[in-house]
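The structure appears right after this line, and notes come after that.
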Amino acid sequence: MGNLDSDAELWRDALSGDGDAFGAVFDRHRDRVFRHSYRLVPHIADAEDVLAAAFLELWRRRGSVRLVDGSVLPWLLLTATNCARNLTRSRRRYQSVLDALPRDAAVVDPPADPLDAVLVAAVARLRPRDARLLALVALGDLEIADAAALVGLTPGAARVRLHRIRAALRQDLGADTRTGYLTETS
């Protein structure tokens, strides 16, 4: 199989069970089908899913695929369009189901430990950017510089904010600011 084989020759070989021929068809058209798919869906991952679905359909329906002017590309582009529409429709239905679910922000499972409830309340009082910064550093194990970049701060500003956040949390939790240990508040 040479590099100059036509789609018709490669497709004929693929239909007879030659996996390398199907691979050559994939290699020949994947970039074009991906670009087409990416124009139809909002995310790269979605375009990759559409690309995969189109080639899966090409293999699954190989007995009924019609070549246009000796090429499978038109069939692939039409199939990718249909797969993108199906994906978009599916996402829209899924989102409408999520939107229809009842939401009651006031109903939250209470933490088992009373100190946890105080901590949750203290974190909830933080500004959103401060809460994200704290979560990224304390829970996400990110370095301060990395977390700062994600929340739009300089590393120095992030260090200052974290110091203030920790001091506020210590005060809210009844911690001894000299030792950092919790004190009895009862």
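We name chains A, B, ... following the order of the structure tokens; residues begin at 1 in each chain, and ligands are numbered from 1 as shown.
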
Please identify all polymer residues within 8 Å of Val65 (chain A), counting only C-alpha atoms, omitting same-chain residues fewer than 5 positions from it, and present them as an mmCIF file with all heavy atoms, in the first residue's frame.
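And here is the file that came out, selection_32.cif:
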data_model
loop_
_atom_site.group_PDB
_atom_site.id
_atom_site.type_symbol
_atom_site.label_atom_id
_atom_site.label_comp_id
_atom_site.auth_asym_id
_atom_site.auth_seq_id
_atom_site.Cartn_x
_atom_site.Cartn_y
_atom_site.Cartn_z
ATOM 1 N N LEU A 58 -18.170 5.289 10.728
ATOM 2 C CA LEU A 58 -17.598 4.875 9.447
ATOM 3 C C LEU A 58 -17.294 3.382 9.475
ATOM 4 O O LEU A 58 -17.618 2.657 8.524
ATOM 5 C CB LEU A 58 -16.330 5.674 9.131
ATOM 6 C CG LEU A 58 -15.587 5.310 7.843
ATOM 7 C CD1 LEU A 58 -16.441 5.626 6.625
ATOM 8 C CD2 LEU A 58 -14.250 6.023 7.778
ATOM 9 N N VAL A 72 -14.199 9.129 0.947
ATOM 10 C CA VAL A 72 -15.097 8.964 2.086
ATOM 11 C C VAL A 72 -15.257 10.272 2.853
ATOM 12 O O VAL A 72 -16.104 10.362 3.749
ATOM 13 C CB VAL A 72 -14.611 7.860 3.064
ATOM 14 C CG1 VAL A 72 -14.588 6.513 2.383
ATOM 15 C CG2 VAL A 72 -13.270 8.184 3.658
ATOM 16 N N TRP A 75 -18.811 11.784 3.253
ATOM 17 C CA TRP A 75 -19.605 10.973 4.160
ATOM 18 C C TRP A 75 -19.190 11.250 5.601
ATOM 19 O O TRP A 75 -20.031 11.404 6.494
ATOM 20 C CB TRP A 75 -19.427 9.489 3.821
ATOM 21 C CG TRP A 75 -20.384 8.594 4.545
ATOM 22 C CD1 TRP A 75 -21.586 8.152 4.092
ATOM 23 C CD2 TRP A 75 -20.223 8.057 5.865
ATOM 24 N NE1 TRP A 75 -22.195 7.369 5.052
ATOM 25 C CE2 TRP A 75 -21.374 7.291 6.153
ATOM 26 C CE3 TRP A 75 -19.239 8.144 6.831
ATOM 27 C CZ2 TRP A 75 -21.553 6.624 7.351
ATOM 28 C CZ3 TRP A 75 -19.417 7.480 8.031
ATOM 29 C CH2 TRP A 75 -20.576 6.734 8.281
#

Taking 2 positions as the minimum chain separation for residues in the same chain, which residues sit within 8 Å of Ala122 (chain A) when counting only C-alpha atoms? Answer as a JSON list (two decimals) with C-alpha atoms, in the first residue's frame.
[["chain", "number", "residue", "atom", "x", "y", "z"],
["A", 118, "VAL", "CA", -18.07, 26.98, 62.70],
["A", 119, "LEU", "CA", -15.37, 26.41, 60.08],
["A", 120, "VAL", "CA", -17.92, 26.16, 57.24],
["A", 124, "ALA", "CA", -18.58, 31.16, 53.87],
["A", 125, "ARG", "CA", -18.01, 34.68, 55.22],
["A", 126, "LEU", "CA", -14.79, 35.06, 53.21],
["A", 169, "LEU", "CA", -10.23, 31.81, 60.74],
["A", 172, "ASP", "CA", -13.58, 32.65, 64.31],
["A", 173, "LEU", "CA", -12.61, 29.18, 65.48]]

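All residues in region 67-107 of chain A with a DSSP state of alpha helix (DSSP H), computed from the backbone, read Leu73, Pro74, Trp75, Leu76, Leu77, Leu78, Thr79, Ala80, Thr81, Asn82, Cys83, Ala84, Arg85, Asn86, Leu87, Thr88, Arg89, Ser90, Arg91, Arg92, Arg93, Tyr94, Gln95, Ser96, Val97, Leu98, Asp99 and Ala100 of chain A.
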
Selection above as a file: C-alpha atoms, as an mmCIF file, in the first residue's frame:
data_model
loop_
_atom_site.group_PDB
_atom_site.id
_atom_site.type_symbol
_atom_site.label_atom_id
_atom_site.label_comp_id
_atom_site.auth_asym_id
_atom_site.auth_seq_id
_atom_site.Cartn_x
_atom_site.Cartn_y
_atom_site.Cartn_z
ATOM 1 C CA LEU A 73 -14.509 12.548 3.265
ATOM 2 C CA PRO A 74 -17.975 13.889 2.330
ATOM 3 C CA TRP A 75 -19.605 10.973 4.160
ATOM 4 C CA LEU A 76 -17.378 11.625 7.194
ATOM 5 C CA LEU A 77 -18.160 15.353 7.234
ATOM 6 C CA LEU A 78 -21.904 14.728 7.059
ATOM 7 C CA THR A 79 -21.651 12.085 9.789
ATOM 8 C CA ALA A 80 -19.568 14.436 11.961
ATOM 9 C CA THR A 81 -22.242 17.112 11.511
ATOM 10 C CA ASN A 82 -24.937 14.677 12.639
ATOM 11 C CA CYS A 83 -22.825 13.523 15.602
ATOM 12 C CA ALA A 84 -22.243 17.153 16.644
ATOM 13 C CA ARG A 85 -25.984 17.853 16.465
ATOM 14 C CA ASN A 86 -26.711 14.759 18.542
ATOM 15 C CA LEU A 87 -24.123 15.786 21.125
ATOM 16 C CA THR A 88 -25.509 19.326 21.329
ATOM 17 C CA ARG A 89 -29.076 18.052 21.642
ATOM 18 C CA SER A 90 -28.046 15.570 24.320
ATOM 19 C CA ARG A 91 -26.226 18.239 26.319
ATOM 20 C CA ARG A 92 -29.208 20.576 26.046
ATOM 21 C CA ARG A 93 -31.585 17.859 27.316
ATOM 22 C CA TYR A 94 -29.222 16.980 30.141
ATOM 23 C CA GLN A 95 -28.906 20.624 31.158
ATOM 24 C CA SER A 96 -32.688 21.100 31.099
ATOM 25 C CA VAL A 97 -33.077 18.120 33.431
ATOM 26 C CA LEU A 98 -30.492 19.601 35.802
ATOM 27 C CA ASP A 99 -32.190 22.996 35.653
ATOM 28 C CA ALA A 100 -35.559 21.408 36.460
#

Item to complete: Name the residues of region 3-186 of chain A that fall into strand (DSSP E or B) according to DSSP on the backbone, using the chain letters and numbers of this document, as an NGL selection string.
Response: :A and (68 or 71 or 175 or 182)

Resulting file, chosen residues, C-alpha atoms, as a compact mmCIF listing (two decimals), in the first residue's frame:
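Contents of part18.txt, freshly written:
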# COMPACT_ATOMS: atom_id res chain seq x y z
CA VAL A 68 -18.46 10.62 -3.34
CA SER A 71 -13.63 9.78 -1.35
CA ALA A 175 -7.83 29.57 68.37
CA LEU A 182 -7.87 25.84 69.59

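Here CA of Gly23 (chain A) stands at a distance of 12.1 Å from CA of Leu56 (chain A).
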
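Residues lying within 9 Å of region 129-146 of chain A, counting only C-alpha atoms and ignoring same-chain neighbours fewer than 6 positions away, are Val123, Gly152, Leu153, Thr154, Pro155, Gly156, Ala158, Arg159, Arg161, Leu162, Ile165 and Arg166 of chain A.
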
Mind writing the picked residues with all heavy atoms as a JSON list (two decimals), in the first residue's frame?
[["chain", "number", "residue", "atom", "x", "y", "z"],
["A", 123, "VAL", "N", -15.60, 30.12, 56.63],
["A", 123, "VAL", "CA", -15.16, 30.14, 55.22],
["A", 123, "VAL", "C", -16.23, 30.79, 54.35],
["A", 123, "VAL", "O", -15.92, 31.53, 53.41],
["A", 123, "VAL", "CB", -14.81, 28.71, 54.75],
["A", 123, "VAL", "CG1", -14.56, 28.69, 53.24],
["A", 123, "VAL", "CG2", -13.58, 28.20, 55.49],
["A", 152, "GLY", "N", -5.88, 35.33, 40.07],
["A", 152, "GLY", "CA", -5.60, 36.67, 39.57],
["A", 152, "GLY", "C", -4.88, 37.57, 40.55],
["A", 152, "GLY", "O", -5.12, 38.78, 40.57],
["A", 153, "LEU", "N", -3.98, 37.02, 41.34],
["A", 153, "LEU", "CA", -3.21, 37.80, 42.30],
["A", 153, "LEU", "C", -1.72, 37.59, 42.05],
["A", 153, "LEU", "O", -1.32, 36.60, 41.43],
["A", 153, "LEU", "CB", -3.51, 37.37, 43.74],
["A", 153, "LEU", "CG", -4.92, 37.60, 44.27],
["A", 153, "LEU", "CD1", -5.08, 36.89, 45.61],
["A", 153, "LEU", "CD2", -5.19, 39.08, 44.41],
["A", 154, "THR", "N", -0.92, 38.50, 42.58],
["A", 154, "THR", "CA", 0.53, 38.28, 42.56],
["A", 154, "THR", "C", 0.84, 37.36, 43.73],
["A", 154, "THR", "O", 0.07, 37.29, 44.70],
["A", 154, "THR", "CB", 1.30, 39.60, 42.73],
["A", 154, "THR", "OG1", 1.00, 40.14, 44.02],
["A", 154, "THR", "CG2", 0.96, 40.59, 41.63],
["A", 155, "PRO", "N", 1.95, 36.64, 43.68],
["A", 155, "PRO", "CA", 2.30, 35.75, 44.80],
["A", 155, "PRO", "C", 2.41, 36.50, 46.13],
["A", 155, "PRO", "O", 1.98, 36.00, 47.17],
["A", 155, "PRO", "CB", 3.64, 35.14, 44.38],
["A", 155, "PRO", "CG", 3.59, 35.16, 42.89],
["A", 155, "PRO", "CD", 2.86, 36.43, 42.53],
["A", 156, "GLY", "N", 2.96, 37.71, 46.10],
["A", 156, "GLY", "CA", 3.07, 38.49, 47.33],
["A", 156, "GLY", "C", 1.71, 38.85, 47.90],
["A", 156, "GLY", "O", 1.48, 38.72, 49.11],
["A", 158, "ALA", "N", -1.03, 37.24, 47.41],
["A", 158, "ALA", "CA", -1.65, 36.00, 47.86],
["A", 158, "ALA", "C", -1.13, 35.62, 49.25],
["A", 158, "ALA", "O", -1.91, 35.19, 50.11],
["A", 158, "ALA", "CB", -1.38, 34.87, 46.87],
["A", 159, "ARG", "N", 0.18, 35.80, 49.49],
["A", 159, "ARG", "CA", 0.73, 35.49, 50.82],
["A", 159, "ARG", "C", 0.10, 36.37, 51.89],
["A", 159, "ARG", "O", -0.25, 35.89, 52.97],
["A", 159, "ARG", "CB", 2.25, 35.68, 50.81],
["A", 159, "ARG", "CG", 2.99, 34.54, 50.17],
["A", 159, "ARG", "CD", 4.51, 34.72, 50.31],
["A", 159, "ARG", "NE", 5.17, 33.81, 49.43],
["A", 159, "ARG", "CZ", 5.45, 34.04, 48.15],
["A", 159, "ARG", "NH1", 5.11, 35.20, 47.60],
["A", 159, "ARG", "NH2", 6.04, 33.14, 47.41],
["A", 161, "ARG", "N", -2.84, 37.89, 51.75],
["A", 161, "ARG", "CA", -4.24, 37.49, 51.92],
["A", 161, "ARG", "C", -4.36, 36.21, 52.73],
["A", 161, "ARG", "O", -5.22, 36.10, 53.60],
["A", 161, "ARG", "CB", -4.93, 37.31, 50.58],
["A", 161, "ARG", "CG", -5.35, 38.62, 49.96],
["A", 161, "ARG", "CD", -6.22, 38.36, 48.76],
["A", 161, "ARG", "NE", -6.50, 39.62, 48.10],
["A", 161, "ARG", "CZ", -7.68, 39.95, 47.64],
["A", 161, "ARG", "NH1", -8.69, 39.13, 47.77],
["A", 161, "ARG", "NH2", -7.85, 41.10, 47.03],
["A", 162, "LEU", "N", -3.50, 35.24, 52.45],
["A", 162, "LEU", "CA", -3.55, 33.98, 53.20],
["A", 162, "LEU", "C", -3.25, 34.21, 54.68],
["A", 162, "LEU", "O", -3.88, 33.59, 55.54],
["A", 162, "LEU", "CB", -2.58, 32.96, 52.61],
["A", 162, "LEU", "CG", -3.09, 32.23, 51.38],
["A", 162, "LEU", "CD1", -1.97, 31.40, 50.75],
["A", 162, "LEU", "CD2", -4.26, 31.33, 51.73],
["A", 165, "ILE", "N", -6.40, 35.68, 56.06],
["A", 165, "ILE", "CA", -7.46, 34.66, 56.09],
["A", 165, "ILE", "C", -7.24, 33.73, 57.28],
["A", 165, "ILE", "O", -8.18, 33.43, 58.03],
["A", 165, "ILE", "CB", -7.48, 33.85, 54.76],
["A", 165, "ILE", "CG1", -7.93, 34.74, 53.60],
["A", 165, "ILE", "CG2", -8.35, 32.62, 54.89],
["A", 165, "ILE", "CD1", -7.67, 34.11, 52.23],
["A", 166, "ARG", "N", -6.02, 33.27, 57.44],
["A", 166, "ARG", "CA", -5.73, 32.35, 58.54],
["A", 166, "ARG", "C", -5.97, 33.01, 59.89],
["A", 166, "ARG", "O", -6.51, 32.38, 60.81],
["A", 166, "ARG", "CB", -4.29, 31.85, 58.43],
["A", 166, "ARG", "CG", -4.11, 30.86, 57.30],
["A", 166, "ARG", "CD", -2.68, 30.40, 57.17],
["A", 166, "ARG", "NE", -2.54, 29.47, 56.08],
["A", 166, "ARG", "CZ", -1.54, 29.51, 55.21],
["A", 166, "ARG", "NH1", -0.59, 30.41, 55.31],
["A", 166, "ARG", "NH2", -1.49, 28.62, 54.25]]

Please identify all polymer residues within 9 Å of Asp46 (chain A), counting only C-alpha atoms, omitting same-chain residues fewer than 4 positions from it, and present them as a JSON list (two decimals) with all heavy atoms, in the first residue's frame.
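The file below, part30.json, is the result:
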[["chain", "number", "residue", "atom", "x", "y", "z"],
["A", 37, "SER", "N", -15.56, 19.49, 12.93],
["A", 37, "SER", "CA", -16.26, 19.22, 14.19],
["A", 37, "SER", "C", -16.09, 20.38, 15.16],
["A", 37, "SER", "O", -17.05, 20.77, 15.85],
["A", 37, "SER", "CB", -15.73, 17.94, 14.83],
["A", 37, "SER", "OG", -15.89, 16.85, 13.96],
["A", 38, "TYR", "N", -14.90, 20.94, 15.22],
["A", 38, "TYR", "CA", -14.62, 22.02, 16.17],
["A", 38, "TYR", "C", -15.42, 23.28, 15.83],
["A", 38, "TYR", "O", -15.72, 24.08, 16.71],
["A", 38, "TYR", "CB", -13.13, 22.31, 16.22],
["A", 38, "TYR", "CG", -12.73, 23.23, 17.34],
["A", 38, "TYR", "CD1", -13.12, 22.97, 18.65],
["A", 38, "TYR", "CD2", -11.97, 24.36, 17.10],
["A", 38, "TYR", "CE1", -12.77, 23.82, 19.69],
["A", 38, "TYR", "CE2", -11.62, 25.21, 18.14],
["A", 38, "TYR", "CZ", -12.02, 24.93, 19.43],
["A", 38, "TYR", "OH", -11.67, 25.77, 20.45],
["A", 41, "VAL", "N", -19.06, 22.48, 17.61],
["A", 41, "VAL", "CA", -19.23, 22.29, 19.05],
["A", 41, "VAL", "C", -18.31, 23.27, 19.79],
["A", 41, "VAL", "O", -17.31, 23.73, 19.24],
["A", 41, "VAL", "CB", -18.92, 20.83, 19.47],
["A", 41, "VAL", "CG1", -19.97, 19.88, 18.90],
["A", 41, "VAL", "CG2", -17.53, 20.41, 19.06],
["A", 42, "PRO", "N", -18.64, 23.59, 21.06],
["A", 42, "PRO", "CA", -17.92, 24.66, 21.73],
["A", 42, "PRO", "C", -16.56, 24.31, 22.33],
["A", 42, "PRO", "O", -15.78, 25.20, 22.62],
["A", 42, "PRO", "CB", -18.89, 25.08, 22.85],
["A", 42, "PRO", "CG", -19.70, 23.86, 23.12],
["A", 42, "PRO", "CD", -19.80, 23.14, 21.81],
["A", 50, "VAL", "N", -16.70, 14.03, 18.78],
["A", 50, "VAL", "CA", -17.39, 13.98, 17.49],
["A", 50, "VAL", "C", -16.52, 13.28, 16.45],
["A", 50, "VAL", "O", -17.01, 12.44, 15.68],
["A", 50, "VAL", "CB", -17.80, 15.40, 17.02],
["A", 50, "VAL", "CG1", -18.27, 15.40, 15.58],
["A", 50, "VAL", "CG2", -18.86, 15.98, 17.94],
["A", 51, "LEU", "N", -15.24, 13.59, 16.43],
["A", 51, "LEU", "CA", -14.31, 12.93, 15.52],
["A", 51, "LEU", "C", -14.32, 11.43, 15.74],
["A", 51, "LEU", "O", -14.46, 10.65, 14.79],
["A", 51, "LEU", "CB", -12.89, 13.49, 15.73],
["A", 51, "LEU", "CG", -11.75, 12.75, 15.03],
["A", 51, "LEU", "CD1", -11.80, 13.01, 13.54],
["A", 51, "LEU", "CD2", -10.42, 13.17, 15.62],
["A", 84, "ALA", "N", -22.31, 15.89, 15.89],
["A", 84, "ALA", "CA", -22.24, 17.15, 16.64],
["A", 84, "ALA", "C", -23.64, 17.61, 17.04],
["A", 84, "ALA", "O", -23.85, 18.07, 18.18],
["A", 84, "ALA", "CB", -21.54, 18.23, 15.82],
["A", 87, "LEU", "N", -24.80, 15.41, 19.88],
["A", 87, "LEU", "CA", -24.12, 15.79, 21.12],
["A", 87, "LEU", "C", -24.72, 17.06, 21.71],
["A", 87, "LEU", "O", -25.00, 17.14, 22.91],
["A", 87, "LEU", "CB", -22.63, 15.96, 20.88],
["A", 87, "LEU", "CG", -21.79, 16.38, 22.08],
["A", 87, "LEU", "CD1", -21.73, 15.26, 23.11],
["A", 87, "LEU", "CD2", -20.40, 16.78, 21.65]]

Discussion item. Let me make sure I understand: among A:Leu10, A:Ala167, A:Ile44, A:Leu101, which one has the smallest atom-to-atom distance to Arg28 (chain A) if we use only C-alpha atoms?
Written reply: A:Leu10

Spatial neighbours of Ala14 (chain A), 10 Å, only C-alpha atoms, chain gap at least 3 places, as a CSV table (one decimal) with N, CA and C atoms, in the first residue's frame:
chain,number,residue,atom,x,y,z
A,8,ALA,N,-10.7,5.4,-2.6
A,8,ALA,CA,-11.4,4.2,-3.1
A,8,ALA,C,-10.6,2.9,-2.9
A,9,GLU,N,-9.3,3.0,-3.2
A,9,GLU,CA,-8.5,1.8,-3.1
A,9,GLU,C,-8.3,1.5,-1.6
A,10,LEU,N,-8.1,2.5,-0.8
A,10,LEU,CA,-7.9,2.2,0.7
A,10,LEU,C,-9.2,1.7,1.3
A,11,TRP,N,-10.3,2.3,0.8
A,11,TRP,CA,-11.6,1.8,1.4
A,11,TRP,C,-11.9,0.4,0.9
A,17,GLY,N,-10.9,-6.1,5.3
A,17,GLY,CA,-10.4,-6.5,6.6
A,17,GLY,C,-9.0,-5.9,6.8
A,18,ASP,N,-8.5,-5.1,6.0
A,18,ASP,CA,-7.1,-4.5,6.1
A,18,ASP,C,-7.2,-3.3,7.1
A,19,GLY,N,-6.7,-3.6,8.4
A,19,GLY,CA,-6.7,-2.5,9.4
A,19,GLY,C,-5.8,-1.4,9.0
A,20,ASP,N,-4.7,-1.7,8.4
A,20,ASP,CA,-3.8,-0.6,8.0
A,20,ASP,C,-4.4,0.3,7.0
A,21,ALA,N,-5.3,-0.2,6.1
A,21,ALA,CA,-5.9,0.7,5.1
A,21,ALA,C,-6.9,1.6,5.8
A,22,PHE,N,-7.7,1.0,6.8
A,22,PHE,CA,-8.6,1.9,7.6
A,22,PHE,C,-7.8,3.0,8.4
A,23,GLY,N,-6.7,2.5,8.9
A,23,GLY,CA,-5.8,3.5,9.6
A,23,GLY,C,-5.3,4.6,8.7
A,24,ALA,N,-5.0,4.2,7.4
A,24,ALA,CA,-4.6,5.3,6.5
A,24,ALA,C,-5.7,6.2,6.1
A,25,VAL,N,-7.0,5.7,6.1
A,25,VAL,CA,-8.1,6.6,5.8
A,25,VAL,C,-8.3,7.5,7.0
A,59,TRP,N,-16.7,2.9,10.6
A,59,TRP,CA,-16.4,1.5,10.7
A,59,TRP,C,-17.7,0.7,10.9
A,62,ARG,N,-19.7,0.5,7.6
A,62,ARG,CA,-18.8,0.4,6.5
A,62,ARG,C,-19.4,-0.3,5.2
